[in-house]
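Below is one structure, written out as structure tokens; comments come after it.
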There are 2 protein chains.
Amino acid sequence: MATRLARPHLLDPHGAADPCATCDARSLSVCNAIPDRDLARLAAIAVVTEAPAGRCFIDEGEKADSFFNITAGTAKLFKLLPDGRRQVTGFVGAGHFLGLAVSDTYAFSAEAIEPVRYCRFRRAKLRALLDDFPLMEKRLLEVAANELVAAQEQMLLLGRKTARERLASFLLLQSRQGMPCGHARQRFGLPMTRGDIADYLGLTIETVSRTLTRLRGEGLIDIESQSEVVVRDPGALEDLAGGLY
Amino acid sequence: MATRLARPHLLDPHGAADPCATCDARSLSVCNAIPDRDLARLAAIAVVTEAPAGRCFIDEGEKADSFFNITAGTAKLFKLLPDGRRQVTGFVGAGHFLGLAVSDTYAFSAEAIEPVRYCRFRRAKLRALLDDFPLMEKRLLEVAANELVAAQEQMLLLGRKTARERLASFLLLQSRQGMPCGHARQRFGLPMTRGDIADYLGLTIETVSRTLTRLRGEGLIDIESQSEVVVRDPGALEDLAGGLY
DNA sequence: GACCGTCGTTGATATGAGTCAATGCGCCGG
DNA sequence: CCGGCGCATTGACTCATATCAACGACGGTC
């Protein structure tokens, strides 16, 4: 595992030849809307930062002055109720763009669950850049539209599915994480804890644990280690999940 | 109540001087990104249609060839599980833009709960228009970002709030429906049935009914008729709802 | 190598919301 | 005016999931 740092760590604040041109996440992200020859303009306003696992790098309610683009690692996004109840609204990895809201405060928090590297853009600066690259704005709209569809799917899960169905949906989603459309891995790792899964699915840790144990007992999955899952019967899992998702 | 029609009814397919210029919903919608002098171009691709209460005018899973813009009335958006369980993902009124998803099928269904009037745009035609009016694309992005924030708020509700808290949140949301930011009505109507509310909040009809009765018994609200609510104690409702929402 | 904290699992019990069922109310059609 | 239908309310009971509690497994530290 990468070094854990006490606080977000700035890398190359203004150094490095052309970080955006060599960015691993570029092909996954909205940045690919900017042509090679203009990448220096993007790089000029990007502040590359790292956050160790467990670090919160966006705080719900804080002044929203930046956009973020994850380039490596995984983070959870969540909202809290005053008494501490938590809802994880998503897990995000390389290529994910954060902070779209129009409001002047962040509507959610973001915490690294694996060491995360991200680019931070001042809102005003990125907005100015967007004016010159309408294609990037188009890509942002696509991204937002897709997230909206995913959010509606999650509402269906949270409002109407049973614990078994939620876990089945979640496992299928994870098995497709980062795969080309229509493909799924049979074996995959879960970077998040049971508590994170519970907060994502609107359940408790105990129910997540029991339900996974039961799915394993029924032969639908194997749990090779706490964070390593094998899908044994994808068809049954899909039936449980409620269709095509 | 307006006439009930057997099927969506086309109005002025190509007639009427300049329907967009006189549209009541224009100021509420993304259409206001198009300057007056170009409104004819918008009008040329808009097909104005009416749907009576109860009519489904978007079907989840169908080929998605159009965008929609509601200009009057109220509709519910929902998703279904194979066994018929329903999740209402939102109630939409004048000014609401629908169909943003990139996918080639609709991700949700839409059904009028009050007679609805809407403009229908072929995707290809509106996309072409968008290329000439980047401001409209900007507005769409804003709209999508705001909906995303609302969706996350709804996930918090569905995943973590109790029935009482859900109803409190819902009533506050409705009391602000269509009001300028920061304002709320004390008395307002609910155009949807208890079943719709239940499907929106991830509850059953009975729980919605019992919970409303209890909130009334506690003096937080009055129920003047089945569809007419008065907020008696907005502060208490907000505490229940979990803060500032 | 013993200690300790975090995370996960499992069991016993509690409870909020769901289910099933009866009743009431308003509206429309004949 | 009556009957029927859809929607809402209310009550009795059930059940899925939460809560409370104990224990086990792993990993890091001194």
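Chain labels follow the order of the structure tokens: the first chain is A, the next B, and so on; residue numbering restarts at 1 in every chain, and ligands are counted from 1 in their shown order.
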
Q.
Within 7 Å of chain B, which residues belong to chain A? Use only C-alpha atoms and report them as a ChimeraX atom specification.
A. /A:79,81-82,85,87,89,100-102,107,141-142,144-146,148-149,151-152,155-156,158-160,201-202,242-243

May I have the selected residues written with N, CA and C atoms, as a PDB file, in the first residue's frame?
ATOM      1  N   LYS A  79     -23.306  11.600   2.784  1.00  0.00           N
ATOM      2  CA  LYS A  79     -24.016  12.673   3.460  1.00  0.00           C
ATOM      3  C   LYS A  79     -24.322  12.212   4.881  1.00  0.00           C
ATOM      4  N   LEU A  81     -26.653  12.835   8.588  1.00  0.00           N
ATOM      5  CA  LEU A  81     -27.736  13.482   9.316  1.00  0.00           C
ATOM      6  C   LEU A  81     -27.146  14.068  10.599  1.00  0.00           C
ATOM      7  N   PRO A  82     -27.859  15.021  11.196  1.00  0.00           N
ATOM      8  CA  PRO A  82     -27.308  15.679  12.384  1.00  0.00           C
ATOM      9  C   PRO A  82     -26.875  14.697  13.470  1.00  0.00           C
ATOM     10  N   ARG A  85     -26.110   9.556  11.456  1.00  0.00           N
ATOM     11  CA  ARG A  85     -26.455   8.534  10.476  1.00  0.00           C
ATOM     12  C   ARG A  85     -25.854   8.949   9.144  1.00  0.00           C
ATOM     13  N   GLN A  87     -25.240   8.218   4.896  1.00  0.00           N
ATOM     14  CA  GLN A  87     -25.617   7.571   3.643  1.00  0.00           C
ATOM     15  C   GLN A  87     -24.483   7.760   2.655  1.00  0.00           C
ATOM     16  N   THR A  89     -23.340   7.818  -0.917  1.00  0.00           N
ATOM     17  CA  THR A  89     -24.069   7.973  -2.179  1.00  0.00           C
ATOM     18  C   THR A  89     -23.308   7.375  -3.349  1.00  0.00           C
ATOM     19  N   LEU A 100     -19.870  19.104  -9.090  1.00  0.00           N
ATOM     20  CA  LEU A 100     -20.635  19.786 -10.126  1.00  0.00           C
ATOM     21  C   LEU A 100     -21.674  20.776  -9.617  1.00  0.00           C
ATOM     22  N   ALA A 101     -22.163  20.599  -8.408  1.00  0.00           N
ATOM     23  CA  ALA A 101     -23.326  21.365  -7.972  1.00  0.00           C
ATOM     24  C   ALA A 101     -23.163  22.867  -8.179  1.00  0.00           C
ATOM     25  N   VAL A 102     -24.287  23.518  -8.347  1.00  0.00           N
ATOM     26  CA  VAL A 102     -24.301  24.954  -8.558  1.00  0.00           C
ATOM     27  C   VAL A 102     -24.198  25.684  -7.222  1.00  0.00           C
ATOM     28  N   ALA A 107     -22.428  19.514  -1.290  1.00  0.00           N
ATOM     29  CA  ALA A 107     -23.637  18.821  -0.831  1.00  0.00           C
ATOM     30  C   ALA A 107     -23.302  17.465  -0.227  1.00  0.00           C
ATOM     31  N   LEU A 141     -21.895  17.200 -19.229  1.00  0.00           N
ATOM     32  CA  LEU A 141     -23.341  16.979 -19.261  1.00  0.00           C
ATOM     33  C   LEU A 141     -23.643  15.487 -19.399  1.00  0.00           C
ATOM     34  N   GLU A 142     -22.903  14.815 -20.272  1.00  0.00           N
ATOM     35  CA  GLU A 142     -23.050  13.358 -20.414  1.00  0.00           C
ATOM     36  C   GLU A 142     -22.819  12.659 -19.091  1.00  0.00           C
ATOM     37  N   ALA A 144     -22.942  13.873 -16.082  1.00  0.00           N
ATOM     38  CA  ALA A 144     -23.981  14.186 -15.107  1.00  0.00           C
ATOM     39  C   ALA A 144     -25.247  13.395 -15.413  1.00  0.00           C
ATOM     40  N   ALA A 145     -25.570  13.270 -16.695  1.00  0.00           N
ATOM     41  CA  ALA A 145     -26.767  12.522 -17.069  1.00  0.00           C
ATOM     42  C   ALA A 145     -26.635  11.055 -16.662  1.00  0.00           C
ATOM     43  N   ASN A 146     -25.467  10.484 -16.884  1.00  0.00           N
ATOM     44  CA  ASN A 146     -25.254   9.094 -16.498  1.00  0.00           C
ATOM     45  C   ASN A 146     -25.326   8.913 -14.992  1.00  0.00           C
ATOM     46  N   LEU A 148     -27.046  10.678 -13.005  1.00  0.00           N
ATOM     47  CA  LEU A 148     -28.442  10.826 -12.632  1.00  0.00           C
ATOM     48  C   LEU A 148     -29.175   9.499 -12.799  1.00  0.00           C
ATOM     49  N   VAL A 149     -28.899   8.814 -13.882  1.00  0.00           N
ATOM     50  CA  VAL A 149     -29.510   7.505 -14.112  1.00  0.00           C
ATOM     51  C   VAL A 149     -29.096   6.534 -13.011  1.00  0.00           C
ATOM     52  N   ALA A 151     -28.173   7.316 -10.036  1.00  0.00           N
ATOM     53  CA  ALA A 151     -28.785   7.751  -8.781  1.00  0.00           C
ATOM     54  C   ALA A 151     -30.222   7.251  -8.701  1.00  0.00           C
ATOM     55  N   GLN A 152     -30.927   7.270  -9.829  1.00  0.00           N
ATOM     56  CA  GLN A 152     -32.310   6.795  -9.824  1.00  0.00           C
ATOM     57  C   GLN A 152     -32.354   5.290  -9.576  1.00  0.00           C
ATOM     58  N   MET A 155     -31.976   4.829  -5.991  1.00  0.00           N
ATOM     59  CA  MET A 155     -33.212   5.129  -5.249  1.00  0.00           C
ATOM     60  C   MET A 155     -34.134   3.908  -5.266  1.00  0.00           C
ATOM     61  N   LEU A 156     -34.200   3.252  -6.415  1.00  0.00           N
ATOM     62  CA  LEU A 156     -35.015   2.038  -6.513  1.00  0.00           C
ATOM     63  C   LEU A 156     -34.505   1.004  -5.523  1.00  0.00           C
ATOM     64  N   LEU A 158     -32.722   1.519  -2.733  1.00  0.00           N
ATOM     65  CA  LEU A 158     -32.895   1.935  -1.337  1.00  0.00           C
ATOM     66  C   LEU A 158     -34.359   1.943  -0.918  1.00  0.00           C
ATOM     67  N   GLY A 159     -35.223   2.265  -1.877  1.00  0.00           N
ATOM     68  CA  GLY A 159     -36.632   2.398  -1.516  1.00  0.00           C
ATOM     69  C   GLY A 159     -37.391   1.090  -1.565  1.00  0.00           C
ATOM     70  N   ARG A 160     -36.951   0.172  -2.437  1.00  0.00           N
ATOM     71  CA  ARG A 160     -37.813  -0.977  -2.710  1.00  0.00           C
ATOM     72  C   ARG A 160     -37.183  -2.348  -2.660  1.00  0.00           C
ATOM     73  N   LEU A 201     -25.867   0.838   1.156  1.00  0.00           N
ATOM     74  CA  LEU A 201     -27.082   0.076   0.838  1.00  0.00           C
ATOM     75  C   LEU A 201     -28.235   0.367   1.792  1.00  0.00           C
ATOM     76  N   GLY A 202     -28.013   1.263   2.730  1.00  0.00           N
ATOM     77  CA  GLY A 202     -29.080   1.585   3.673  1.00  0.00           C
ATOM     78  C   GLY A 202     -29.364   0.452   4.635  1.00  0.00           C
ATOM     79  N   GLY A 242     -32.910  -7.986  -9.665  1.00  0.00           N
ATOM     80  CA  GLY A 242     -34.091  -7.380 -10.258  1.00  0.00           C
ATOM     81  C   GLY A 242     -33.899  -6.990 -11.693  1.00  0.00           C
ATOM     82  N   GLY A 243     -33.187  -7.830 -12.422  1.00  0.00           N
ATOM     83  CA  GLY A 243     -33.168  -7.607 -13.856  1.00  0.00           C
ATOM     84  C   GLY A 243     -31.806  -7.369 -14.415  1.00  0.00           C
TER      85      GLY A 243
END

Q | Residues within 10 Å of segment 9-13 of chain D, only C-alpha atoms (C1' of nucleotides), excluding chain neighbours under 5 positions, as number ranges by chain | A | B: 206, 209-210, 213; C: 19-25

(Q) What's around DT6 of chain C at 12 Å? Count only C-alpha atoms (C1' of nucleotides), leave out sequence neighbours fewer than 6 positions away in its own chain, and write the answer as number ranges by chain. (A) A: 193-195; D: 25-28

Can I get the selection written as a PDB file, in the first residue's frame, with N, CA and C atoms (P, O5', C5', C4', C3', O3' and C1' of nucleotides)?
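File part36.pdb, as written:
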ATOM      1  N   THR A 193     -15.054  -1.076   3.530  1.00  0.00           N
ATOM      2  CA  THR A 193     -15.386  -1.935   4.676  1.00  0.00           C
ATOM      3  C   THR A 193     -16.857  -2.337   4.629  1.00  0.00           C
ATOM      4  N   ARG A 194     -17.229  -3.277   5.498  1.00  0.00           N
ATOM      5  CA  ARG A 194     -18.639  -3.667   5.618  1.00  0.00           C
ATOM      6  C   ARG A 194     -19.491  -2.479   6.040  1.00  0.00           C
ATOM      7  N   GLY A 195     -18.912  -1.635   6.861  1.00  0.00           N
ATOM      8  CA  GLY A 195     -19.638  -0.447   7.299  1.00  0.00           C
ATOM      9  C   GLY A 195     -19.940   0.485   6.132  1.00  0.00           C
TER      10      GLY A 195
ATOM     11  P    DA D  25     -10.791 -17.417  14.983  1.00  0.00           P
ATOM     12  O5'  DA D  25     -10.332 -16.299  13.953  1.00  0.00           O
ATOM     13  C5'  DA D  25     -11.212 -15.890  12.907  1.00  0.00           C
ATOM     14  C4'  DA D  25     -10.562 -14.729  12.172  1.00  0.00           C
ATOM     15  C3'  DA D  25      -9.054 -14.915  11.978  1.00  0.00           C
ATOM     16  O3'  DA D  25      -8.741 -14.474  10.666  1.00  0.00           O
ATOM     17  C1'  DA D  25      -9.477 -12.891  13.120  1.00  0.00           C
ATOM     18  P    DC D  26      -7.306 -14.774  10.044  1.00  0.00           P
ATOM     19  O5'  DC D  26      -6.676 -13.322   9.915  1.00  0.00           O
ATOM     20  C5'  DC D  26      -7.422 -12.296   9.259  1.00  0.00           C
ATOM     21  C4'  DC D  26      -6.851 -10.959   9.646  1.00  0.00           C
ATOM     22  C3'  DC D  26      -5.330 -10.862   9.503  1.00  0.00           C
ATOM     23  O3'  DC D  26      -5.045  -9.911   8.500  1.00  0.00           O
ATOM     24  C1'  DC D  26      -6.092  -9.883  11.535  1.00  0.00           C
ATOM     25  P    DG D  27      -3.548  -9.720   8.007  1.00  0.00           P
ATOM     26  O5'  DG D  27      -3.159  -8.369   8.741  1.00  0.00           O
ATOM     27  C5'  DG D  27      -4.096  -7.289   8.813  1.00  0.00           C
ATOM     28  C4'  DG D  27      -3.437  -6.149   9.557  1.00  0.00           C
ATOM     29  C3'  DG D  27      -1.918  -6.104   9.351  1.00  0.00           C
ATOM     30  O3'  DG D  27      -1.516  -4.749   9.291  1.00  0.00           O
ATOM     31  C1'  DG D  27      -2.391  -6.385  11.642  1.00  0.00           C
ATOM     32  P    DG D  28      -0.027  -4.360   8.990  1.00  0.00           P
ATOM     33  O5'  DG D  28       0.291  -3.430  10.241  1.00  0.00           O
ATOM     34  C5'  DG D  28      -0.626  -2.392  10.597  1.00  0.00           C
ATOM     35  C4'  DG D  28      -0.249  -1.876  11.955  1.00  0.00           C
ATOM     36  C3'  DG D  28       1.248  -1.586  12.088  1.00  0.00           C
ATOM     37  O3'  DG D  28       1.427  -0.317  12.701  1.00  0.00           O
ATOM     38  C1'  DG D  28       0.550  -3.110  13.776  1.00  0.00           C
TER      39       DG D  28
END

Q: Using DSSP on the backbone coordinates, identify the residues of segment 27-237 of chain B assigned to strand (DSSP E); present them as a ChimeraX atom specification.
A: /B:47-51,56-58,66-72,75-80,86-92,97-98,109-112,116-122,187-189,221-225,228-231

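Here is the contact set of chain D against chain A, at 10 Å and counting only C-alpha atoms (C1' of nucleotides): D:DA16, D:DT17, D:DA18, D:DT19.
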
Counting only C-alpha atoms (C1' of nucleotides), collect the residues of chain C whose closest atom lies at most 10 Å from chain A, and write them out as a short mmCIF file (atom, residue, chain, number, x, y, z; two decimals) with C-alpha atoms (C1' of nucleotides), in the first residue's frame.
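Printed below is part.cif as written:
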data_model
loop_
_atom_site.label_atom_id
_atom_site.label_comp_id
_atom_site.auth_asym_id
_atom_site.auth_seq_id
_atom_site.Cartn_x
_atom_site.Cartn_y
_atom_site.Cartn_z
"C1'" DC C 7 -13.09 -5.08 11.48
"C1'" DG C 8 -16.09 -8.90 10.71
"C1'" DT C 9 -19.12 -12.65 12.17
"C1'" DT C 10 -22.72 -14.71 14.78
#

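Going from atom C1' of DC4 of chain C to atom CA of Ala53 of chain A covers 21.0 Å.
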
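Neighbouring residues of Asn32 of chain B at 9 Å or closer, counting only C-alpha atoms (C1' of nucleotides) and skipping chain neighbours under 4 positions away, are Arg26, Ser27, Leu28, Asp36, Met136 and Arg139 of chain B.
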
Atoms kept (N, CA and C atoms) for selection, written as a short mmCIF file (atom, residue, chain, number, x, y, z; two decimals), in the first residue's frame:
data_model
loop_
_atom_site.label_atom_id
_atom_site.label_comp_id
_atom_site.auth_asym_id
_atom_site.auth_seq_id
_atom_site.Cartn_x
_atom_site.Cartn_y
_atom_site.Cartn_z
N ARG B 26 -41.57 29.17 -20.00
CA ARG B 26 -40.25 29.52 -20.53
C ARG B 26 -39.32 30.07 -19.46
N SER B 27 -39.84 30.94 -18.63
CA SER B 27 -38.98 31.57 -17.63
C SER B 27 -38.47 30.56 -16.60
N LEU B 28 -39.18 29.43 -16.49
CA LEU B 28 -38.79 28.41 -15.51
C LEU B 28 -37.83 27.39 -16.08
N ASP B 36 -34.75 35.72 -27.61
CA ASP B 36 -36.04 35.94 -28.27
C ASP B 36 -35.96 35.76 -29.79
N MET B 136 -27.56 27.18 -23.71
CA MET B 136 -28.58 26.22 -23.33
C MET B 136 -27.93 24.95 -22.78
N ARG B 139 -27.05 25.62 -19.30
CA ARG B 139 -28.22 25.56 -18.42
C ARG B 139 -28.59 24.12 -18.13
#

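With atom CA of Ala168 of chain B on one side and atom CA of Ile223 of chain B on the other, the separation reads 13.6 Å.
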
(Q) Just to confirm, what's the straight-line distance from atom C1' of DG26 of chain C to atom CA of Leu167 of chain B in Å (one decimal)? (A) 24.8 Å

Q: Give me the residues within 12 Å of DC20 of chain D as a list in words, counting only C-alpha atoms (C1' of nucleotides) and dropping any in the same chain fewer than 5 places off.
A: Glu206 of chain A; DG11, DA12, DT13 and DA14 of chain C

Could the residues in this selection be saved with C-alpha atoms (C1' of nucleotides) as a tab-separated table (two decimals), in the first residue's frame?
chain	number	residue	atom	x	y	z
A	206	GLU	CA	-24.63	-6.96	10.74
C	11	DG	C1'	-26.54	-15.10	18.17
C	12	DA	C1'	-30.55	-13.38	20.97
C	13	DT	C1'	-33.92	-10.07	21.18
C	14	DA	C1'	-36.52	-5.76	20.01

Q: May I have the residues within 8 Å of Leu172 of chain A as a list in words, using only C-alpha atoms (C1' of nucleotides) and disregarding those fewer than 6 positions away in the same chain?
A: Ala184, Pro234, Leu237, Glu238 and Tyr245 of chain A
